[in-house]
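Data block for target.pdb (PDB, C-alpha atoms):
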```pdb
ATOM      1  CA  MET A   1     -15.920 -22.170 -43.176
ATOM      2  CA  LYS A   2     -13.300 -22.200 -45.908
ATOM      3  CA  ILE A   3     -14.334 -22.835 -49.493
ATOM      4  CA  LEU A   4     -11.734 -24.214 -51.913
ATOM      5  CA  LEU A   5     -12.192 -22.841 -55.421
ATOM      6  CA  PRO A   6      -9.981 -24.343 -58.123
ATOM      7  CA  VAL A   7      -9.562 -21.659 -60.780
ATOM      8  CA  ASP A   8      -8.107 -22.155 -64.244
ATOM      9  CA  GLY A   9      -9.162 -18.813 -65.699
ATOM     10  CA  SER A  10     -12.073 -20.282 -67.661
ATOM     11  CA  GLU A  11     -15.544 -18.767 -67.608
ATOM     12  CA  LEU A  12     -16.842 -21.898 -65.866
ATOM     13  CA  SER A  13     -14.378 -21.506 -62.985
ATOM     14  CA  LEU A  14     -15.287 -17.812 -62.708
ATOM     15  CA  LYS A  15     -18.942 -18.843 -62.507
ATOM     16  CA  ALA A  16     -18.051 -20.979 -59.476
ATOM     17  CA  VAL A  17     -16.308 -17.967 -57.907
ATOM     18  CA  ARG A  18     -19.406 -15.820 -58.494
ATOM     19  CA  LEU A  19     -21.595 -18.504 -56.892
ATOM     20  CA  ALA A  20     -19.353 -18.705 -53.821
ATOM     21  CA  VAL A  21     -19.324 -14.907 -53.499
ATOM     22  CA  ASP A  22     -23.142 -14.881 -53.749
ATOM     23  CA  LEU A  23     -23.363 -17.484 -50.970
ATOM     24  CA  LEU A  24     -21.167 -15.311 -48.753
ATOM     25  CA  ARG A  25     -23.237 -12.215 -49.562
ATOM     26  CA  GLN A  26     -26.400 -14.114 -48.624
ATOM     27  CA  GLY A  27     -25.062 -14.799 -45.159
ATOM     28  CA  LEU A  28     -22.813 -17.843 -45.333
ATOM     29  CA  SER A  29     -19.924 -17.178 -42.980
ATOM     30  CA  GLY A  30     -16.589 -18.053 -44.481
ATOM     31  CA  THR A  31     -13.546 -17.283 -46.567
ATOM     32  CA  LEU A  32     -12.307 -18.454 -49.932
ATOM     33  CA  VAL A  33      -9.169 -20.249 -51.032
ATOM     34  CA  LEU A  34      -8.474 -19.611 -54.719
ATOM     35  CA  ALA A  35      -6.220 -22.344 -56.082
ATOM     36  CA  ASN A  36      -4.525 -22.962 -59.395
ATOM     37  CA  VAL A  37      -2.478 -26.043 -60.199
ATOM     38  CA  GLN A  38      -0.051 -26.034 -63.100
ATOM     39  CA  GLU A  39       0.918 -29.278 -64.814
ATOM     40  CA  PRO A  40       4.534 -30.385 -64.281
ATOM     41  CA  ALA A  41       7.076 -29.385 -66.927
ATOM     42  CA  THR A  42       7.264 -31.596 -69.990
ATOM     43  CA  LEU A  43      10.474 -33.227 -71.140
ATOM     44  CA  TYR A  44      10.700 -30.660 -73.939
ATOM     45  CA  GLU A  45      10.403 -27.780 -71.465
ATOM     46  CA  MET A  46      13.090 -29.312 -69.275
ATOM     47  CA  VAL A  47      15.440 -29.627 -72.274
ATOM     48  CA  VAL A  48      14.790 -26.071 -73.488
ATOM     49  CA  ALA A  49      15.038 -24.520 -70.021
ATOM     50  CA  PRO A  50      17.146 -26.908 -67.923
ATOM     51  CA  ASP A  51      17.202 -24.480 -64.982
ATOM     52  CA  GLY A  52      14.521 -25.713 -62.586
ATOM     53  CA  GLU A  53      14.149 -22.250 -61.068
ATOM     54  CA  VAL A  54      13.154 -20.801 -64.459
ATOM     55  CA  LEU A  55      10.524 -23.504 -64.909
ATOM     56  CA  ARG A  56       9.182 -22.861 -61.410
ATOM     57  CA  ARG A  57       8.932 -19.105 -62.031
ATOM     58  CA  VAL A  58       7.144 -19.643 -65.339
ATOM     59  CA  ALA A  59       4.635 -22.046 -63.756
ATOM     60  CA  THR A  60       4.014 -19.648 -60.866
ATOM     61  CA  ALA A  61       3.516 -16.713 -63.242
ATOM     62  CA  ALA A  62       1.037 -18.752 -65.314
ATOM     63  CA  GLY A  63      -0.894 -19.683 -62.164
ATOM     64  CA  VAL A  64      -0.997 -16.087 -60.916
ATOM     65  CA  ASP A  65      -2.233 -14.988 -64.349
ATOM     66  CA  ALA A  66      -4.985 -17.633 -64.294
ATOM     67  CA  LEU A  67      -6.148 -16.350 -60.885
ATOM     68  CA  GLN A  68      -6.317 -12.652 -61.815
ATOM     69  CA  ALA A  69      -9.946 -12.512 -62.957
ATOM     70  CA  ALA A  70     -11.125 -14.500 -59.925
ATOM     71  CA  GLU A  71      -9.169 -12.256 -57.569
ATOM     72  CA  ALA A  72     -10.690  -9.175 -59.196
ATOM     73  CA  LEU A  73     -14.200 -10.557 -58.614
ATOM     74  CA  VAL A  74     -13.460 -11.388 -54.981
ATOM     75  CA  LEU A  75     -11.745  -8.062 -54.259
ATOM     76  CA  ALA A  76     -14.636  -6.125 -55.809
ATOM     77  CA  GLU A  77     -16.964  -7.755 -53.277
ATOM     78  CA  GLY A  78     -14.600  -7.283 -50.333
ATOM     79  CA  VAL A  79     -14.474 -11.015 -49.614
ATOM     80  CA  VAL A  80     -11.614 -12.380 -47.523
ATOM     81  CA  TYR A  81      -9.555 -14.884 -49.481
ATOM     82  CA  GLU A  82      -6.248 -16.698 -49.714
ATOM     83  CA  ARG A  83      -4.581 -17.991 -52.840
ATOM     84  CA  GLU A  84      -2.300 -20.849 -53.722
ATOM     85  CA  VAL A  85      -0.454 -21.679 -56.929
ATOM     86  CA  ALA A  86       0.984 -25.184 -57.079
ATOM     87  CA  THR A  87       2.569 -27.473 -59.631
ATOM     88  CA  GLY A  88       1.817 -31.172 -59.985
ATOM     89  CA  ASP A  89      -1.064 -33.517 -60.645
ATOM     90  CA  PRO A  90      -4.144 -31.269 -60.281
ATOM     91  CA  ALA A  91      -6.327 -33.839 -58.496
ATOM     92  CA  HIS A  92      -3.723 -34.697 -55.879
ATOM     93  CA  MET A  93      -2.572 -31.121 -55.404
ATOM     94  CA  LEU A  94      -6.117 -29.806 -54.907
ATOM     95  CA  VAL A  95      -6.723 -32.396 -52.193
ATOM     96  CA  GLU A  96      -3.434 -31.389 -50.557
ATOM     97  CA  ILE A  97      -4.279 -27.678 -50.776
ATOM     98  CA  GLY A  98      -7.714 -28.290 -49.295
ATOM     99  CA  GLU A  99      -6.207 -30.194 -46.369
ATOM    100  CA  ARG A 100      -3.397 -27.688 -45.799
ATOM    101  CA  PHE A 101      -5.792 -24.725 -45.722
ATOM    102  CA  GLY A 102      -8.403 -26.583 -43.691
ATOM    103  CA  CYS A 103     -11.130 -26.242 -46.316
ATOM    104  CA  ASP A 104     -14.597 -27.447 -45.392
ATOM    105  CA  MET A 105     -16.198 -27.152 -48.813
TER     106      MET A 105
END
```
As structure tokens, how would this structure be written, given the file I've shared?
Amino acid sequence: MKILLPVDGSELSLKAVRLAVDLLRQGLSGTLVLANVQEPATLYEMVVAPDGEVLRRVATAAGVDALQAAEALVLAEGVVYEREVATGDPAHMLVEIGERFGCDM
């Protein structure tokens, strides 16, 4: 079983990670997919940094930063996980990530 965990770095999202880790410790067989979705660049950001590659790198770095605390929790427990940082509409991207990774939950 694969469990999709959207993580934004908030305490509430970390609580969901802790719950999933507890379920795995209690015997649920599975792995985790930690996902963060960054909003698309605003018009202002595109004007200030017109290089699309710069905007992509900044969004990726922000997503990786948002996942750090969740990854630390998962690594401390020795849980197998994958991670994905995406940019776009969060609702649509999370559905796409869940389908691409074959998440069951």
Report task. Might you pull out every residue within 10 Å of Thr60 of chain A, with only C-alpha atoms counted and same-chain residues fewer than 2 positions away left off, and present them as a ChimeraX atom specification? Result -> /A:36-38,54-58,62-66,84-87
First collect every listed atom of segment 44-52 of chain A; then fit an axis-aligned box around them, widen it by 8 Å on each side, and give centre and edge lengths in Å to one decimal, as lines of an AutoDock Vina configuration file.
```
center_x = 13.8
center_y = -27.6
center_z = -68.3
size_x = 22.8
size_y = 22.2
size_z = 27.4
```
Query - Hits from the PyMOL selection byres ((chain A and resi 70-72) around 9), listed as a list of chain:residue names - result: A:Val7, A:Gly9, A:Ser13, A:Leu14, A:Val17, A:Arg18, A:Leu34, A:Ala66, A:Leu67, A:Gln68, A:Ala69, A:Leu73, A:Val74, A:Leu75, A:Ala76, A:Glu77, A:Tyr81, A:Arg83
Selected residues, C-alpha atoms, written as a PDB file, keeping the file's coordinate frame, please.
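Below is the file that was written, again_33.pdb:
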```pdb
ATOM      1  CA  VAL A   7      -9.562 -21.659 -60.780  1.00  0.00           C
ATOM      2  CA  GLY A   9      -9.162 -18.813 -65.699  1.00  0.00           C
ATOM      3  CA  SER A  13     -14.378 -21.506 -62.985  1.00  0.00           C
ATOM      4  CA  LEU A  14     -15.287 -17.812 -62.708  1.00  0.00           C
ATOM      5  CA  VAL A  17     -16.308 -17.967 -57.907  1.00  0.00           C
ATOM      6  CA  ARG A  18     -19.406 -15.820 -58.494  1.00  0.00           C
ATOM      7  CA  LEU A  34      -8.474 -19.611 -54.719  1.00  0.00           C
ATOM      8  CA  ALA A  66      -4.985 -17.633 -64.294  1.00  0.00           C
ATOM      9  CA  LEU A  67      -6.148 -16.350 -60.885  1.00  0.00           C
ATOM     10  CA  GLN A  68      -6.317 -12.652 -61.815  1.00  0.00           C
ATOM     11  CA  ALA A  69      -9.946 -12.512 -62.957  1.00  0.00           C
ATOM     12  CA  LEU A  73     -14.200 -10.557 -58.614  1.00  0.00           C
ATOM     13  CA  VAL A  74     -13.460 -11.388 -54.981  1.00  0.00           C
ATOM     14  CA  LEU A  75     -11.745  -8.062 -54.259  1.00  0.00           C
ATOM     15  CA  ALA A  76     -14.636  -6.125 -55.809  1.00  0.00           C
ATOM     16  CA  GLU A  77     -16.964  -7.755 -53.277  1.00  0.00           C
ATOM     17  CA  TYR A  81      -9.555 -14.884 -49.481  1.00  0.00           C
ATOM     18  CA  ARG A  83      -4.581 -17.991 -52.840  1.00  0.00           C
TER      19      ARG A  83
END
```
**Report entry** Selection under test: the PyMOL selection byres ((chain A and resi 4) around 10); residues as a ChimeraX atom specification
**Finding:** /A:1-3,5-7,17,20,31-35,81-83,94-95,97-99,101-105
Emit the selected residues as a compact mmCIF listing (two decimals), in the coordinates of the input, including C-alpha atoms.
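Produced file selection10.txt, reproduced below:
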```
# COMPACT_ATOMS: atom_id res chain seq x y z
CA MET A 1 -15.92 -22.17 -43.18
CA LYS A 2 -13.30 -22.20 -45.91
CA ILE A 3 -14.33 -22.84 -49.49
CA LEU A 5 -12.19 -22.84 -55.42
CA PRO A 6 -9.98 -24.34 -58.12
CA VAL A 7 -9.56 -21.66 -60.78
CA VAL A 17 -16.31 -17.97 -57.91
CA ALA A 20 -19.35 -18.70 -53.82
CA THR A 31 -13.55 -17.28 -46.57
CA LEU A 32 -12.31 -18.45 -49.93
CA VAL A 33 -9.17 -20.25 -51.03
CA LEU A 34 -8.47 -19.61 -54.72
CA ALA A 35 -6.22 -22.34 -56.08
CA TYR A 81 -9.56 -14.88 -49.48
CA GLU A 82 -6.25 -16.70 -49.71
CA ARG A 83 -4.58 -17.99 -52.84
CA LEU A 94 -6.12 -29.81 -54.91
CA VAL A 95 -6.72 -32.40 -52.19
CA ILE A 97 -4.28 -27.68 -50.78
CA GLY A 98 -7.71 -28.29 -49.30
CA GLU A 99 -6.21 -30.19 -46.37
CA PHE A 101 -5.79 -24.72 -45.72
CA GLY A 102 -8.40 -26.58 -43.69
CA CYS A 103 -11.13 -26.24 -46.32
CA ASP A 104 -14.60 -27.45 -45.39
CA MET A 105 -16.20 -27.15 -48.81
```
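Compared by their closest atoms to His92 of chain A, and using all atoms listed in the file, the residues A:Leu28, A:Asp8, A:Glu39, A:Val21 rank with A:Glu39 nearest.
With all atoms listed in the file as the atoms that count, the minimum distance from Ala41 of chain A to the choices A:Val80, A:Leu24, A:Ala91, A:Ala59 is reached by A:Ala59.
Take atom CA of Ser29 of chain A and atom CA of Gly78 of chain A: the distance between them is 13.4 Å.
Atom to atom, atom CA of Gly88 of chain A and atom CA of Leu43 of chain A stand 14.3 Å apart.
We find atom CA of Val48 of chain A and atom CA of Asp89 of chain A to be spaced 21.7 Å apart.
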